[in-house]
file data-v3.txt (compact mmCIF, C-alpha atoms)
# COMPACT_ATOMS: atom_id res chain seq x y z
CA GLN N 156 -0.77 2.36 -16.50
CA SER N 157 -0.64 3.93 -13.04
CA ALA N 158 -0.28 1.61 -10.07
CA LEU N 159 -3.33 0.89 -7.97
CA THR N 160 -3.28 2.71 -4.62
CA GLN N 161 -2.81 0.80 -1.38
CA PRO N 162 -2.00 2.04 2.13
CA ALA N 163 1.72 1.77 2.85
CA SER N 164 1.20 -0.10 6.09
CA VAL N 165 -1.46 -1.76 8.19
CA SER N 166 -0.98 -3.35 11.58
CA GLY N 167 -2.95 -5.43 14.03
CA SER N 168 -2.59 -7.64 17.06
CA PRO N 169 -2.76 -11.43 16.90
CA GLY N 170 -6.35 -12.60 16.57
CA GLN N 171 -7.61 -9.28 15.24
CA SER N 172 -8.93 -8.58 11.75
CA ILE N 173 -7.41 -6.10 9.34
CA THR N 174 -8.50 -4.82 5.94
CA ILE N 175 -6.28 -3.60 3.11
CA SER N 176 -7.81 -1.38 0.46
CA CYS N 177 -6.82 -1.18 -3.20
CA THR N 178 -8.14 1.79 -5.15
CA GLY N 179 -8.12 2.00 -8.90
CA THR N 180 -10.26 3.57 -11.60
CA SER N 181 -13.15 2.73 -13.90
CA SER N 182 -10.55 1.50 -16.41
CA ASP N 183 -9.16 -1.22 -14.16
CA ILE N 184 -10.79 -2.41 -10.93
CA GLY N 185 -14.08 -0.79 -11.80
CA ASP N 186 -14.09 -2.44 -15.21
CA ASN N 187 -13.72 -6.12 -14.34
CA ASN N 188 -13.80 -8.80 -11.65
CA TYR N 189 -10.23 -9.99 -12.15
CA VAL N 190 -8.83 -8.65 -8.91
CA SER N 191 -6.14 -10.75 -7.26
CA TRP N 192 -4.14 -10.45 -4.05
CA TYR N 193 -0.59 -11.66 -3.44
CA GLN N 194 1.39 -12.20 -0.27
CA GLN N 195 5.15 -11.74 -0.36
CA HIS N 196 7.52 -12.57 2.45
CA PRO N 197 11.00 -10.98 2.38
CA GLY N 198 13.25 -12.51 -0.26
CA LYS N 199 10.50 -14.77 -1.57
CA ALA N 200 8.35 -14.89 -4.66
CA PRO N 201 4.77 -13.62 -4.36
CA LYS N 202 2.05 -16.12 -3.49
CA LEU N 203 -1.51 -15.96 -4.81
CA MET N 204 -4.00 -15.54 -1.96
CA ILE N 205 -7.21 -14.35 -3.66
CA PHE N 206 -8.32 -14.31 -7.30
CA ASP N 207 -11.42 -13.11 -9.16
CA VAL N 208 -12.15 -10.68 -6.30
CA ASN N 209 -13.11 -13.26 -3.65
CA ASP N 210 -12.00 -16.77 -4.62
CA ARG N 211 -9.26 -18.62 -2.73
CA PRO N 212 -6.81 -21.06 -4.32
CA SER N 213 -6.64 -24.50 -2.81
CA GLY N 214 -4.53 -24.45 0.33
CA VAL N 215 -5.07 -20.80 1.25
CA SER N 216 -6.63 -20.28 4.65
CA ASN N 217 -10.26 -19.11 4.80
CA ARG N 218 -9.02 -16.34 7.12
CA PHE N 219 -8.28 -14.48 3.87
CA SER N 220 -11.22 -12.97 2.01
CA GLY N 221 -11.72 -10.39 -0.71
CA SER N 222 -14.39 -7.98 -1.85
CA LYS N 223 -14.94 -5.15 -4.27
CA SER N 224 -17.12 -2.06 -4.48
CA GLY N 225 -16.89 0.25 -7.44
CA ASN N 226 -13.25 1.12 -8.08
CA THR N 227 -11.98 -0.21 -4.76
CA ALA N 228 -11.11 -3.77 -3.80
CA SER N 229 -10.32 -5.00 -0.29
CA LEU N 230 -8.49 -7.87 1.35
CA THR N 231 -9.50 -8.86 4.87
CA ILE N 232 -7.34 -11.04 7.07
CA SER N 233 -9.18 -12.35 10.09
CA GLY N 234 -7.64 -14.05 13.13
CA LEU N 235 -4.31 -12.37 12.41
CA GLN N 236 -1.30 -14.64 12.92
CA ALA N 237 2.43 -13.95 13.14
CA ASP N 238 3.07 -15.58 9.76
CA ASP N 239 0.67 -13.14 8.10
CA GLU N 240 3.33 -10.46 8.53
CA ALA N 241 4.37 -9.76 4.93
CA ASP N 242 3.85 -7.41 2.01
CA TYR N 243 0.53 -7.64 0.17
CA TYR N 244 -0.18 -6.55 -3.40
CA CYS N 245 -3.44 -6.29 -5.28
CA SER N 246 -3.62 -6.62 -9.04
CA SER N 247 -6.09 -6.13 -11.84
CA TYR N 248 -5.87 -5.35 -15.50
CA THR N 249 -6.41 -2.11 -17.30
CA ASN N 250 -8.28 -1.39 -20.50
CA GLY N 251 -8.71 -5.12 -20.95
CA ILE N 252 -5.11 -5.52 -22.06
CA THR N 253 -2.27 -4.89 -19.62
CA GLY N 254 -1.88 -5.85 -16.01
CA VAL N 255 -1.36 -3.50 -13.09
CA PHE N 256 -0.31 -4.05 -9.49
CA GLY N 257 -1.00 -2.06 -6.38
CA THR N 258 1.65 -0.04 -4.57
CA GLY N 259 1.91 -2.67 -1.85
CA THR N 260 1.01 -2.79 1.84
CA LYS N 261 3.28 -3.92 4.64
CA VAL N 262 1.31 -5.82 7.25
CA THR N 263 2.78 -5.83 10.74
CA VAL N 264 1.58 -8.15 13.49
CA LEU N 265 2.06 -6.32 16.77
CA GLU Y 17 4.62 -29.93 -8.74
CA VAL Y 18 4.53 -26.91 -11.05
CA GLN Y 19 7.94 -25.30 -11.41
CA LEU Y 20 9.13 -22.13 -13.10
CA VAL Y 21 12.87 -21.54 -13.18
CA GLU Y 22 14.33 -18.27 -14.45
CA SER Y 23 17.87 -17.91 -15.76
CA GLY Y 24 20.00 -15.37 -17.59
CA GLY Y 25 20.15 -12.58 -15.05
CA GLY Y 26 23.34 -10.68 -14.30
CA LEU Y 27 25.21 -7.40 -14.44
CA VAL Y 28 25.03 -5.38 -17.65
CA GLN Y 29 26.13 -1.89 -18.61
CA PRO Y 30 23.61 0.80 -19.52
CA GLY Y 31 22.60 0.40 -23.15
CA GLY Y 32 23.42 -3.29 -23.09
CA SER Y 33 21.29 -6.37 -23.71
CA LEU Y 34 20.28 -9.44 -21.77
CA ARG Y 35 17.99 -12.38 -22.44
CA LEU Y 36 16.06 -14.00 -19.63
CA ALA Y 37 14.65 -17.48 -19.91
CA CYS Y 38 12.01 -19.26 -17.85
CA THR Y 39 11.70 -23.02 -18.04
CA ALA Y 40 8.38 -24.52 -17.03
CA SER Y 41 7.58 -28.03 -15.87
CA GLU Y 42 4.72 -30.15 -14.55
CA PHE Y 43 1.92 -28.32 -16.36
CA SER Y 44 0.73 -27.94 -19.95
CA PHE Y 45 2.79 -24.85 -20.75
CA ARG Y 46 1.37 -24.46 -24.28
CA ILE Y 47 -2.20 -23.77 -23.12
CA TYR Y 48 -1.43 -20.90 -20.76
CA TRP Y 49 -0.69 -17.24 -21.14
CA MET Y 50 2.59 -16.35 -19.46
CA THR Y 51 3.69 -13.09 -17.86
CA TRP Y 52 6.88 -11.33 -16.76
CA VAL Y 53 6.73 -9.25 -13.57
CA ARG Y 54 9.62 -7.28 -12.08
CA GLN Y 55 10.47 -5.81 -8.71
CA ALA Y 56 13.10 -3.12 -8.27
CA PRO Y 57 15.14 -3.33 -5.05
CA GLY Y 58 12.96 -2.35 -2.11
CA LYS Y 59 10.05 -1.49 -4.40
CA GLY Y 60 6.72 -2.99 -5.42
CA LEU Y 61 5.71 -5.38 -8.16
CA GLU Y 62 5.46 -4.13 -11.73
CA TRP Y 63 3.72 -5.95 -14.56
CA VAL Y 64 6.10 -6.01 -17.55
CA ALA Y 65 4.71 -8.09 -20.41
CA ASN Y 66 2.58 -11.07 -21.27
CA ILE Y 67 2.15 -13.44 -24.19
CA LYS Y 68 -0.73 -15.54 -25.44
CA LYS Y 69 -0.45 -19.33 -25.37
CA ASP Y 70 0.41 -19.53 -29.10
CA GLY Y 71 2.53 -16.38 -29.11
CA SER Y 72 0.11 -14.51 -31.38
CA GLU Y 73 -0.56 -11.67 -28.92
CA LYS Y 74 1.97 -9.79 -26.83
CA TYR Y 75 1.49 -6.80 -24.56
CA TYR Y 76 3.97 -4.56 -22.76
CA VAL Y 77 4.06 -1.88 -20.11
CA ASP Y 78 4.77 1.50 -21.73
CA SER Y 79 8.20 1.87 -20.12
CA VAL Y 80 9.64 -1.16 -21.98
CA LYS Y 81 7.86 -0.90 -25.33
CA GLY Y 82 10.33 -0.94 -28.19
CA ARG Y 83 13.14 -2.21 -25.95
CA PHE Y 84 11.89 -5.54 -24.56
CA THR Y 85 10.51 -8.50 -26.51
CA ILE Y 86 8.62 -11.37 -24.96
CA SER Y 87 8.56 -14.72 -26.74
CA ARG Y 88 8.01 -18.40 -26.08
CA ASP Y 89 8.95 -21.83 -27.41
CA ASN Y 90 6.18 -24.27 -26.52
CA ALA Y 91 8.24 -27.22 -27.74
CA LYS Y 92 10.82 -26.37 -25.08
CA ASN Y 93 8.31 -25.27 -22.41
CA SER Y 94 10.20 -22.00 -22.26
CA LEU Y 95 9.41 -18.31 -21.96
CA TYR Y 96 11.88 -15.57 -22.85
CA LEU Y 97 12.41 -11.86 -22.33
CA GLN Y 98 14.88 -10.17 -24.64
CA MET Y 99 15.92 -6.87 -23.07
CA ASN Y 100 17.74 -4.29 -25.18
CA GLY Y 101 18.73 -0.71 -24.46
CA LEU Y 102 18.84 -1.43 -20.74
CA ARG Y 103 18.65 1.46 -18.30
CA ALA Y 104 19.48 1.83 -14.63
CA GLU Y 105 15.77 1.88 -13.86
CA ASP Y 106 15.42 -1.63 -15.32
CA THR Y 107 17.42 -2.99 -12.39
CA ALA Y 108 15.11 -5.48 -10.70
CA VAL Y 109 14.33 -9.07 -9.91
CA TYR Y 110 12.42 -10.45 -12.87
CA TYR Y 111 9.79 -13.12 -12.22
CA CYS Y 112 8.02 -15.27 -14.74
CA ALA Y 113 4.48 -16.13 -13.74
CA LYS Y 114 1.90 -18.55 -15.05
CA GLY Y 115 -1.28 -16.91 -16.23
CA ARG Y 116 -2.72 -13.80 -17.85
CA LEU Y 117 -4.92 -12.11 -15.26
CA THR Y 118 -4.21 -14.29 -12.22
CA PHE Y 119 -0.72 -15.59 -11.47
CA ASP Y 120 -0.99 -18.86 -9.60
CA TYR Y 121 2.63 -19.90 -9.91
CA TRP Y 122 5.82 -17.83 -9.87
CA GLY Y 123 9.47 -18.54 -10.44
CA GLN Y 124 12.12 -17.70 -7.88
CA GLY Y 125 13.22 -14.65 -9.87
CA ALA Y 126 16.33 -13.56 -11.77
CA LEU Y 127 18.25 -10.45 -10.72
CA VAL Y 128 19.15 -7.99 -13.46
CA THR Y 129 21.52 -5.19 -12.50
CA VAL Y 130 22.15 -2.34 -14.93
CA SER Y 131 25.22 -0.39 -13.90
CA SER Y 132 28.52 0.86 -15.24
call {"tool": "encode", "arguments": {"input": "data-v3.txt", "output": "C-alpha cells"}}
result
Amino acid sequence: QSALTQPASVSGSPGQSITISCTGTSSDIGDNNYVSWYQQHPGKAPKLMIFDVNDRPSGVSNRFSGSKSGNTASLTISGLQADDEADYYCSSYTNGITGVFGTGTKVTVL
Amino acid sequence: EVQLVESGGGLVQPGGSLRLACTASEFSFRIYWMTWVRQAPGKGLEWVANIKKDGSEKYYVDSVKGRFTISRDNAKNSLYLQMNGLRAEDTAVYYCAKGRLTFDYWGQGALVTVSS
C-alpha cells in the first residue's frame, strides 16, 4: 500500500499550462481506470476534479483534464489562474480492494 | 445539497480510544460505499478504510488493521470509525467521503490528536 508518486511542486505563470504526473505500479494505476484527482486549498476539504482518468464532475472547469499511460496518470491544468494555486492529489485503488493516494503536489502560480 | 458532517474528534492519550461519526444528508446514504480518509498535520491524504453499502464488506489500510473498525447505520444515515489502541502517528484530520473509488463529496474533517 505504498503511496503513488507525485512531484512535490509544480509552478507556472498565469495563462500557462502545467502537468502533474502520478506514478504507480501494475497493481494500482496500471491495473484499472479508476484514477481520480483532488484539489485541496489550505484548511479545506479536498475537492474532486477528475474521475475515471479523464472525466470531470459537473461544475469543474474544462481547463482541467486527465490522462493515463501505463502506470502513470497525469493532470493538466490549462490557462492557469491564481485560484488554481493549491495542493493536488491523485488516487487509485490497489489490488482491486484498497484505495491509495498520491504524495501530493503543490501548485504555485507565479 | 449533499452534506457530510464529522464529529467525535478530540485529544486522547496514547493507547486510548475514540469513536468518530459522520452524519450524511441529502443523498441516499444506504446505496453508497463510504470511506474514511485522514491527513496528518502538514502531510498528504491517506486512505484509511471503506465499507460496502450494506456493511457486508470492510477494508482497511495495513497500519490500522486490528485497531480501527468501520461501521455504518443506514437507518441513521451515519458512518462510524471506532479507533482503539491509538498512537501518536494516528494524529490527523479524519474525513468521511462518499464513494468507494471516487470521492465526490467530503466532510469538513474531525481533528484527532493523540498525545500525553
call {"tool": "residues_around", "arguments": {"input": "data-v3.txt", "residues": "Leu235 of chain N", "least_positions_apart": "3", "cutoff": "9 Å", "atoms": "only C-alpha atoms", "output": "list in words"}}
result
Gly167, Ser168, Pro169, Gly170, Gln171, Ser172, Ile173, Arg218, Ile232, Asp238, Asp239, Glu240 and Val264 of chain N
call {"tool": "residues_near_point", "arguments": {"input": "data-v3.txt", "point": "(-10.0, -1.1, -9.2)", "cutoff": "10 Å", "atoms": "only C-alpha atoms", "output": "PyMOL selection string"}}
result
chain N and resi 159-160+176-190+223-229+245-249+255+257
call {"tool": "closest_residue", "arguments": {"input": "data-v3.txt", "among": "Y:Thr118, Y:Val21, Y:Phe43, Y:Glu73", "to": "Val208 of chain N", "atoms": "all atoms listed in the file"}}
result
Y:Thr118
call {"tool": "residues_around", "arguments": {"input": "data-v3.txt", "residues": "Gly26 of chain Y", "least_positions_apart": "5", "cutoff": "7 Å", "atoms": "only C-alpha atoms", "output": "mmCIF file with C-alpha atoms, keeping the file's coordinate frame"}}
result
data_model
loop_
_atom_site.group_PDB
_atom_site.id
_atom_site.type_symbol
_atom_site.label_atom_id
_atom_site.label_comp_id
_atom_site.auth_asym_id
_atom_site.auth_seq_id
_atom_site.Cartn_x
_atom_site.Cartn_y
_atom_site.Cartn_z
ATOM 1 C CA LEU Y 127 18.250 -10.450 -10.720
ATOM 2 C CA VAL Y 128 19.150 -7.990 -13.460
ATOM 3 C CA THR Y 129 21.520 -5.190 -12.500
#
call {"tool": "closest_atom_pairs", "arguments": {"input": "data-v3.txt", "of": "chain Y", "to": "chain N", "cutoff": "9 Å", "atoms": "all atoms listed in the file", "output": "JSON lines"}}
result
{"residue": "Y:Lys59", "atom": "CA", "partner": "N:Thr258", "partner_atom": "CA", "distance": 8.5}
{"residue": "Y:Gly60", "atom": "CA", "partner": "N:Thr258", "partner_atom": "CA", "distance": 5.9}
{"residue": "Y:Leu61", "atom": "CA", "partner": "N:Phe256", "partner_atom": "CA", "distance": 6.3}
{"residue": "Y:Glu62", "atom": "CA", "partner": "N:Phe256", "partner_atom": "CA", "distance": 6.2}
{"residue": "Y:Trp63", "atom": "CA", "partner": "N:Gly254", "partner_atom": "CA", "distance": 5.8}
{"residue": "Y:Val64", "atom": "CA", "partner": "N:Gly254", "partner_atom": "CA", "distance": 8.1}
{"residue": "Y:Ala65", "atom": "CA", "partner": "N:Thr253", "partner_atom": "CA", "distance": 7.7}
{"residue": "Y:Asn66", "atom": "CA", "partner": "N:Thr253", "partner_atom": "CA", "distance": 8.0}
{"residue": "Y:Tyr75", "atom": "CA", "partner": "N:Thr253", "partner_atom": "CA", "distance": 6.5}
{"residue": "Y:Tyr76", "atom": "CA", "partner": "N:Thr253", "partner_atom": "CA", "distance": 7.0}
{"residue": "Y:Val77", "atom": "CA", "partner": "N:Thr253", "partner_atom": "CA", "distance": 7.0}
{"residue": "Y:Asp78", "atom": "CA", "partner": "N:Gln156", "partner_atom": "CA", "distance": 7.7}
{"residue": "Y:Tyr111", "atom": "CA", "partner": "N:Ala200", "partner_atom": "CA", "distance": 7.9}
{"residue": "Y:Arg116", "atom": "CA", "partner": "N:Gly254", "partner_atom": "CA", "distance": 8.2}
{"residue": "Y:Leu117", "atom": "CA", "partner": "N:Tyr189", "partner_atom": "CA", "distance": 6.5}
{"residue": "Y:Thr118", "atom": "CA", "partner": "N:Ser191", "partner_atom": "CA", "distance": 6.4}
{"residue": "Y:Phe119", "atom": "CA", "partner": "N:Leu203", "partner_atom": "CA", "distance": 6.7}
{"residue": "Y:Asp120", "atom": "CA", "partner": "N:Leu203", "partner_atom": "CA", "distance": 5.6}
{"residue": "Y:Tyr121", "atom": "CA", "partner": "N:Lys202", "partner_atom": "CA", "distance": 7.5}
{"residue": "Y:Trp122", "atom": "CA", "partner": "N:Ala200", "partner_atom": "CA", "distance": 6.5}
{"residue": "Y:Gly123", "atom": "CA", "partner": "N:Ala200", "partner_atom": "CA", "distance": 6.9}
{"residue": "Y:Gln124", "atom": "CA", "partner": "N:Ala200", "partner_atom": "CA", "distance": 5.7}
{"residue": "Y:Gly125", "atom": "CA", "partner": "N:Ala200", "partner_atom": "CA", "distance": 7.1}
call {"tool": "atom_distance", "arguments": {"input": "data-v3.txt", "atom1": "atom CA of Ile47 of chain Y", "atom2": "atom CA of Asn90 of chain Y"}}
result
9.1 Å
call {"tool": "atom_distance", "arguments": {"input": "data-v3.txt", "atom1": "atom CA of Leu97 of chain Y", "atom2": "atom CA of Val18 of chain Y"}}
result
20.4 Å
call {"tool": "atom_distance", "arguments": {"input": "data-v3.txt", "atom1": "atom CA of Gly24 of chain Y", "atom2": "atom CA of Thr39 of chain Y"}}
result
11.3 Å
call {"tool": "closest_residue", "arguments": {"input": "data-v3.txt", "among": "Y:Trp52, Y:Leu95, Y:Ser87, Y:Gly82", "to": "Ala40 of chain Y", "atoms": "all atoms listed in the file"}}
result
Y:Leu95
